[in-house]
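Note: the block below is protein.cif and it holds mmCIF, C-alpha atoms.
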data_upload
#
loop_
_atom_site.label_atom_id
_atom_site.label_comp_id
_atom_site.auth_asym_id
_atom_site.auth_seq_id
_atom_site.Cartn_x
_atom_site.Cartn_y
_atom_site.Cartn_z
CA MET A 1 -1.09 5.49 20.53
CA THR A 2 -4.55 4.45 21.61
CA ASP A 3 -6.00 3.69 25.01
CA HIS A 4 -7.64 0.61 23.49
CA PRO A 5 -5.51 -2.49 24.13
CA LEU A 6 -4.35 -4.44 21.08
CA TYR A 7 -5.32 -7.73 22.73
CA HIS A 8 -8.49 -8.67 24.59
CA GLU A 9 -9.88 -11.73 26.37
CA GLY A 10 -10.55 -13.60 23.12
CA THR A 11 -7.12 -12.98 21.61
CA ARG A 12 -5.44 -13.81 24.93
CA ARG A 13 -7.38 -17.06 25.23
CA LEU A 14 -6.17 -18.24 21.82
CA GLN A 15 -2.64 -16.98 22.44
CA ASP A 16 -2.53 -19.02 25.64
CA GLN A 17 -3.98 -22.09 23.92
CA PHE A 18 -1.29 -21.95 21.21
CA ASP A 19 1.54 -20.62 23.42
CA SER A 20 1.86 -17.41 21.42
CA ARG A 21 1.37 -14.79 24.15
CA ARG A 22 5.11 -14.08 24.42
CA ILE A 23 5.59 -13.53 20.70
CA ALA A 24 2.34 -11.53 20.46
CA ASP A 25 3.55 -9.22 23.24
CA ARG A 26 6.98 -8.91 21.61
CA LEU A 27 5.44 -8.10 18.23
CA GLU A 28 3.37 -5.37 19.86
CA GLN A 29 6.49 -3.94 21.57
CA VAL A 30 8.67 -3.99 18.46
CA THR A 31 6.39 -3.43 15.45
CA VAL A 32 3.36 -1.42 16.59
CA GLY A 33 3.74 2.34 16.32
CA GLY A 34 1.65 5.47 16.19
CA GLU A 35 3.47 7.26 13.36
CA PHE A 36 4.28 6.28 9.78
CA THR A 37 7.82 5.18 9.03
CA ALA A 38 9.30 6.16 5.66
CA LYS A 39 8.77 2.59 4.39
CA GLN A 40 5.14 2.53 5.54
CA ARG A 41 4.48 5.93 3.99
CA GLU A 42 5.93 4.72 0.69
CA LEU A 43 3.69 1.64 0.70
CA VAL A 44 0.56 3.72 1.38
CA GLU A 45 1.30 6.37 -1.22
CA ARG A 46 2.06 3.93 -4.04
CA SER A 47 -0.89 1.64 -3.33
CA PRO A 48 -3.64 1.51 -5.94
CA MET A 49 -6.06 0.07 -3.34
CA PHE A 50 -6.79 -0.71 0.28
CA PHE A 51 -9.57 -2.23 2.38
CA LEU A 52 -11.63 -0.23 4.88
CA ALA A 53 -13.39 -1.94 7.81
CA THR A 54 -16.21 -0.15 9.64
CA VAL A 55 -19.06 -1.03 12.01
CA SER A 56 -22.71 0.04 11.71
CA PRO A 57 -24.70 1.51 14.62
CA ASP A 58 -26.12 -1.96 15.40
CA GLY A 59 -22.66 -3.59 15.38
CA GLN A 60 -22.79 -5.05 11.85
CA PRO A 61 -19.26 -5.16 10.41
CA ASP A 62 -18.64 -3.94 6.87
CA VAL A 63 -15.55 -3.99 4.71
CA SER A 64 -15.04 -2.23 1.43
CA TYR A 65 -12.43 -1.99 -1.26
CA LYS A 66 -11.13 1.50 -2.04
CA GLY A 67 -9.21 1.90 -5.29
CA GLY A 68 -7.65 4.58 -7.41
CA HIS A 69 -4.42 5.44 -9.15
CA PRO A 70 -1.26 5.14 -7.05
CA GLY A 71 -1.03 8.29 -4.95
CA PHE A 72 -4.80 8.59 -4.42
CA VAL A 73 -4.11 8.04 -0.71
CA ARG A 74 -1.90 10.75 0.77
CA VAL A 75 0.03 10.68 4.00
CA VAL A 76 -0.71 14.19 5.27
CA ASP A 77 1.49 14.05 8.37
CA SER A 78 3.14 11.49 10.64
CA ARG A 79 -0.22 10.08 11.83
CA THR A 80 -2.76 11.22 9.24
CA LEU A 81 -3.68 10.10 5.76
CA ALA A 82 -6.44 11.22 3.42
CA TRP A 83 -8.21 9.69 0.46
CA PRO A 84 -10.93 10.83 -1.92
CA ASP A 85 -14.32 9.21 -2.05
CA TYR A 86 -15.34 8.81 -5.67
CA ASP A 87 -18.80 8.49 -7.18
CA GLY A 88 -19.94 4.92 -6.55
CA ASN A 89 -23.24 3.18 -6.06
CA GLY A 90 -24.50 5.80 -3.60
CA MET A 91 -25.00 3.36 -0.73
CA PHE A 92 -22.30 4.98 1.47
CA ARG A 93 -22.13 1.89 3.67
CA SER A 94 -18.56 2.37 4.91
CA LEU A 95 -18.42 6.14 5.16
CA GLY A 96 -21.99 6.28 6.51
CA ASN A 97 -20.87 3.90 9.26
CA ALA A 98 -17.82 6.09 9.85
CA LEU A 99 -19.99 9.19 10.35
CA LEU A 100 -21.62 7.48 13.33
CA HIS A 101 -18.73 5.26 14.47
CA PRO A 102 -15.43 6.82 13.41
CA ARG A 103 -13.20 4.00 14.73
CA VAL A 104 -12.07 2.10 11.62
CA SER A 105 -9.32 -0.19 10.36
CA LEU A 106 -7.44 -0.05 7.07
CA LEU A 107 -5.48 -2.82 5.38
CA PHE A 108 -2.92 -2.08 2.68
CA LEU A 109 -1.54 -4.99 0.64
CA ASP A 110 1.39 -5.10 -1.73
CA PHE A 111 0.90 -8.32 -3.68
CA GLU A 112 4.15 -8.00 -5.62
CA SER A 113 6.60 -7.69 -2.69
CA PRO A 114 4.53 -9.06 -0.65
CA ARG A 115 3.76 -6.76 2.29
CA ARG A 116 0.80 -5.98 4.56
CA LEU A 117 0.16 -2.92 6.68
CA ARG A 118 -2.63 -2.54 9.22
CA LEU A 119 -3.88 0.77 10.54
CA HIS A 120 -6.28 1.34 13.41
CA GLY A 121 -7.69 4.76 14.21
CA THR A 122 -10.46 7.22 13.53
CA VAL A 123 -11.76 8.76 10.33
CA GLU A 124 -13.45 12.07 9.66
CA VAL A 125 -15.63 12.40 6.55
CA ARG A 126 -15.44 15.93 5.11
CA THR A 127 -17.27 17.62 2.25
CA ASP A 128 -15.35 20.89 2.78
CA ASP A 129 -11.78 19.57 2.91
CA PRO A 130 -9.18 21.68 1.07
CA LEU A 131 -7.87 18.50 -0.58
CA LEU A 132 -11.08 18.29 -2.65
CA ARG A 133 -9.54 20.77 -5.10
CA GLU A 134 -6.41 18.64 -5.46
CA MET A 135 -8.04 15.23 -5.92
CA PRO A 136 -9.82 14.88 -9.28
CA GLY A 137 -13.16 13.09 -9.06
CA ALA A 138 -13.47 13.45 -5.27
CA GLN A 139 -16.95 14.08 -3.89
CA LEU A 140 -15.65 14.14 -0.33
CA ILE A 141 -12.44 13.47 1.56
CA ALA A 142 -11.88 10.95 4.34
CA ARG A 143 -9.13 11.92 6.80
CA PHE A 144 -7.82 9.07 8.91
CA THR A 145 -5.80 9.59 12.11
CA ALA A 146 -3.80 6.55 13.16
CA ASP A 147 -3.72 5.26 16.70
CA ARG A 148 -1.86 2.13 15.72
CA ILE A 149 0.23 1.30 12.62
CA PHE A 150 1.83 -2.09 12.22
CA PRO A 151 3.05 -4.50 9.58
CA ASN A 152 1.52 -7.93 9.41
CA CYS A 153 3.27 -11.15 8.41
CA PRO A 154 3.10 -11.39 4.60
CA ARG A 155 3.79 -15.13 4.51
CA TYR A 156 0.34 -16.06 3.14
CA VAL A 157 -0.05 -13.11 0.79
CA HIS A 158 -0.19 -14.55 -2.71
CA ARG A 159 2.08 -12.92 -5.26
CA LEU A 160 -0.08 -11.18 -7.81
CA ALA A 161 0.70 -8.59 -10.46
CA LEU A 162 -1.34 -5.53 -11.32
CA VAL A 163 -2.49 -6.09 -14.89
CA GLU A 164 -4.33 -2.83 -15.48
CA LEU A 165 -5.60 0.16 -13.52
CA SER A 166 -9.34 0.67 -13.79
CA PRO A 167 -10.35 3.15 -16.50
CA HIS A 168 -13.04 4.32 -14.05
CA ALA A 169 -10.47 5.57 -11.50
CA PRO A 170 -10.45 9.39 -11.60
CA ARG A 171 -7.28 11.29 -12.41
CA ALA A 172 -6.37 14.68 -13.83
CA GLY A 173 -7.14 15.11 -17.52
CA HIS A 174 -9.27 11.96 -17.77
CA THR A 175 -13.03 11.60 -17.98
CA PRO A 176 -13.94 8.13 -16.70
CA PRO A 177 -16.48 6.16 -18.74
CA VAL A 178 -19.99 5.69 -17.38
CA PRO A 179 -20.19 2.28 -15.68
CA ALA A 180 -22.48 -0.18 -17.44
CA TRP A 181 -24.68 -0.69 -14.36
CA LYS A 182 -25.69 3.00 -14.45
CA GLU A 183 -27.16 2.45 -17.93
CA ASP A 184 -29.30 -0.46 -16.71
CA PRO A 185 -33.03 0.50 -16.81
CA ASN A 186 -33.41 -0.92 -13.28
CA PHE A 187 -31.14 1.86 -11.96
CA ARG A 188 -30.86 4.60 -14.60
CA ASP A 189 -33.92 6.57 -13.47
CA HIS A 190 -32.87 6.44 -9.83
CA LEU A 191 -29.38 7.92 -10.14
CA PRO A 192 -28.49 11.19 -8.40
CA ARG A 193 -29.33 14.33 -10.41
CA ARG A 194 -25.83 15.37 -11.43
#

Represent the structure from my file as structure tokens, please.
Amino acid sequence: MTDHPLYHEGTRRLQDQFDSRRIADRLEQVTVGGEFTAKQRELVERSPMFFLATVSPDGQPDVSYKGGHPGFVRVVDSRTLAWPDYDGNGMFRSLGNALLHPRVSLLFLDFESPRRLRLHGTVEVRTDDPLLREMPGAQLIARFTADRIFPNCPRYVHRLALVELSPHAPRAGHTPPVPAWKEDPNFRDHLPRR
């Protein structure tokens, strides 16, 4: 677990205003852990997406969607997971932030059950990770080490169904189509030389 407290002056102020300090403390005691349970591992490894929150050097928050085929995120051990970074728009906002400020948060959502899982910890961005060979389409690997893993109340998660996985998501034996924006004359001549 982390040395960083889950609650701070702002959260405590609102908890006191709405008389929720006792339940907040109890939730921390009962549901917050530092290692993946079997149920949490299953949710992560079958997720086709998650959200990654980072902070820039000047404190600007950023959140990004990360998607792939179920199994693109792997739980490597009881506290670590890894995911591939695929070719995108080349801005590297989230992972660039993570290079300088590795403390990040991840949010996994299961819209069909519904379930939510929050993860707080640190990420390492690696271009030499051995998992690169095992993850088709990966240009680098992000390895996340959890300090805190906890479910979040799913009461307001809308029930949605996955209609179709993106044809752009890399997988073995599949060549993703070129995204339309890369054919746009405004961008075509500025793409990486690969």

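Taking CA of Phe50 in chain A as the reference point, CA of Lys66 in chain A is found at 5.4 Å.
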
Taking 3 positions as the minimum chain separation for residues in the same chain, which residues sit within 12 Å of Arg115 in chain A when counting only C-alpha atoms? Answer as a JSON list (two decimals) with C-alpha atoms, keeping the file's coordinate frame.
[["chain", "number", "residue", "atom", "x", "y", "z"],
["A", 39, "LYS", "CA", 8.77, 2.59, 4.39],
["A", 40, "GLN", "CA", 5.14, 2.53, 5.54],
["A", 42, "GLU", "CA", 5.93, 4.72, 0.69],
["A", 43, "LEU", "CA", 3.69, 1.64, 0.70],
["A", 44, "VAL", "CA", 0.56, 3.72, 1.38],
["A", 47, "SER", "CA", -0.89, 1.64, -3.33],
["A", 107, "LEU", "CA", -5.48, -2.82, 5.38],
["A", 108, "PHE", "CA", -2.92, -2.08, 2.68],
["A", 109, "LEU", "CA", -1.54, -4.99, 0.64],
["A", 110, "ASP", "CA", 1.39, -5.10, -1.73],
["A", 111, "PHE", "CA", 0.90, -8.32, -3.68],
["A", 112, "GLU", "CA", 4.15, -8.00, -5.62],
["A", 118, "ARG", "CA", -2.63, -2.54, 9.22],
["A", 150, "PHE", "CA", 1.83, -2.09, 12.22],
["A", 151, "PRO", "CA", 3.05, -4.50, 9.58],
["A", 152, "ASN", "CA", 1.52, -7.93, 9.41],
["A", 153, "CYS", "CA", 3.27, -11.15, 8.41],
["A", 154, "PRO", "CA", 3.10, -11.39, 4.60],
["A", 155, "ARG", "CA", 3.79, -15.13, 4.51],
["A", 156, "TYR", "CA", 0.34, -16.06, 3.14],
["A", 157, "VAL", "CA", -0.05, -13.11, 0.79],
["A", 158, "HIS", "CA", -0.19, -14.55, -2.71],
["A", 159, "ARG", "CA", 2.08, -12.92, -5.26],
["A", 160, "LEU", "CA", -0.08, -11.18, -7.81]]

Hey, can you pull every residue with an atom no more than 12 Å from (-3.1, -12.5, 23.6), using only C-alpha atoms, and send it as an MDAnalysis selection string? chainID A and resid 5:28

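The smallest atom-to-atom distance between Leu140 in chain A and any of A:Arg46, A:Arg93, A:Arg103, A:Arg126, using only C-alpha atoms, is found for A:Arg126.
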
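Nearest-residue note for Ala146 in chain A: choosing from A:Glu124, A:Glu134, A:Asp189, A:Glu164, the minimum distance belongs to A:Glu124, counting only C-alpha atoms.
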
d(CA of Arg148 in chain A, CA of Gly67 in chain A) in Å: 22.3 Å

Selection under test: the PyMOL selection byres ((chain A and resi 77) around 12); residues as a ChimeraX atom specification: /A:34-38,41,74-76,78-82,143-146

State, in Å with one decimal place, the distance from CA of Ile149 in chain A to CA of Val30 in chain A. 11.5 Å

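With distances taken over all atoms listed in the file, A:Met135 is the one residue among A:Pro102, A:Gly121, A:Pro61, A:Met135 lying closest to Asp85 in chain A.
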
Starting from the PyMOL selection byres ((chain A and resi 72) around 8), expand the selection into actual residues of this file and give them as a ChimeraX atom specification. /A:45,48,68-71,73-74,83-84,135

List the residues matched by the PyMOL selection byres ((chain A and resi 56) around 12) in the displayed structure as a ChimeraX atom specification, ordered by chain and then by residue number. /A:53-55,57-63,92-104

Write out, as a PDB file, keeping the file's coordinate frame, the residues just selected, with C-alpha atoms.
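In the end it all went to selection32.pdb:
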ATOM      1  CA  ALA A  53     -13.390  -1.940   7.810  1.00  0.00           C
ATOM      2  CA  THR A  54     -16.210  -0.150   9.640  1.00  0.00           C
ATOM      3  CA  VAL A  55     -19.060  -1.030  12.010  1.00  0.00           C
ATOM      4  CA  PRO A  57     -24.700   1.510  14.620  1.00  0.00           C
ATOM      5  CA  ASP A  58     -26.120  -1.960  15.400  1.00  0.00           C
ATOM      6  CA  GLY A  59     -22.660  -3.590  15.380  1.00  0.00           C
ATOM      7  CA  GLN A  60     -22.790  -5.050  11.850  1.00  0.00           C
ATOM      8  CA  PRO A  61     -19.260  -5.160  10.410  1.00  0.00           C
ATOM      9  CA  ASP A  62     -18.640  -3.940   6.870  1.00  0.00           C
ATOM     10  CA  VAL A  63     -15.550  -3.990   4.710  1.00  0.00           C
ATOM     11  CA  PHE A  92     -22.300   4.980   1.470  1.00  0.00           C
ATOM     12  CA  ARG A  93     -22.130   1.890   3.670  1.00  0.00           C
ATOM     13  CA  SER A  94     -18.560   2.370   4.910  1.00  0.00           C
ATOM     14  CA  LEU A  95     -18.420   6.140   5.160  1.00  0.00           C
ATOM     15  CA  GLY A  96     -21.990   6.280   6.510  1.00  0.00           C
ATOM     16  CA  ASN A  97     -20.870   3.900   9.260  1.00  0.00           C
ATOM     17  CA  ALA A  98     -17.820   6.090   9.850  1.00  0.00           C
ATOM     18  CA  LEU A  99     -19.990   9.190  10.350  1.00  0.00           C
ATOM     19  CA  LEU A 100     -21.620   7.480  13.330  1.00  0.00           C
ATOM     20  CA  HIS A 101     -18.730   5.260  14.470  1.00  0.00           C
ATOM     21  CA  PRO A 102     -15.430   6.820  13.410  1.00  0.00           C
ATOM     22  CA  ARG A 103     -13.200   4.000  14.730  1.00  0.00           C
ATOM     23  CA  VAL A 104     -12.070   2.100  11.620  1.00  0.00           C
TER      24      VAL A 104
END

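The neighbours of Asp87 in chain A here are the residues that come within 10 Å of it, using all atoms listed in the file and leaving out any residue fewer than 6 positions away in the same chain; they are Gly137, Ala138, Gln139, Leu140, His168, Ala169 and Pro170 of chain A.
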
Please dump the current selection as a tab-separated table (two decimals), in the frame of the given file; keep C-alpha atoms.
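Wrote it out as selection.tsv, contents follow:
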chain	number	residue	atom	x	y	z
A	137	GLY	CA	-13.16	13.09	-9.06
A	138	ALA	CA	-13.47	13.45	-5.27
A	139	GLN	CA	-16.95	14.08	-3.89
A	140	LEU	CA	-15.65	14.14	-0.33
A	168	HIS	CA	-13.04	4.32	-14.05
A	169	ALA	CA	-10.47	5.57	-11.50
A	170	PRO	CA	-10.45	9.39	-11.60

Nearest to Gly88 in chain A: which of A:Pro185, A:Pro167, A:Pro179, A:Gly173 is it, counting all atoms listed in the file? A:Pro179

Counting all atoms listed in the file, closest pick from A:Arg188, A:Arg193, A:Asp147, A:Glu183 relative to Gly33 in chain A is A:Asp147

Pick from A:Ala142, A:Pro130, A:Pro136, A:Asp3, whichever lies nearest to His174 in chain A using only C-alpha atoms: A:Pro136

Find the residues near His190 in chain A: any atom within 12 Å, counting all atoms listed in the file, skip ones fewer than 5 places away on the same chain, and give them as an NGL selection string. :A and (89-90 or 181-185)

Written selection (C-alpha atoms) as a PDB file, in the coordinates of the input:
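Saved as result_20.pdb:
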ATOM      1  CA  ASN A  89     -23.240   3.180  -6.060  1.00  0.00           C
ATOM      2  CA  GLY A  90     -24.500   5.800  -3.600  1.00  0.00           C
ATOM      3  CA  TRP A 181     -24.680  -0.690 -14.360  1.00  0.00           C
ATOM      4  CA  LYS A 182     -25.690   3.000 -14.450  1.00  0.00           C
ATOM      5  CA  GLU A 183     -27.160   2.450 -17.930  1.00  0.00           C
ATOM      6  CA  ASP A 184     -29.300  -0.460 -16.710  1.00  0.00           C
ATOM      7  CA  PRO A 185     -33.030   0.500 -16.810  1.00  0.00           C
TER       8      PRO A 185
END
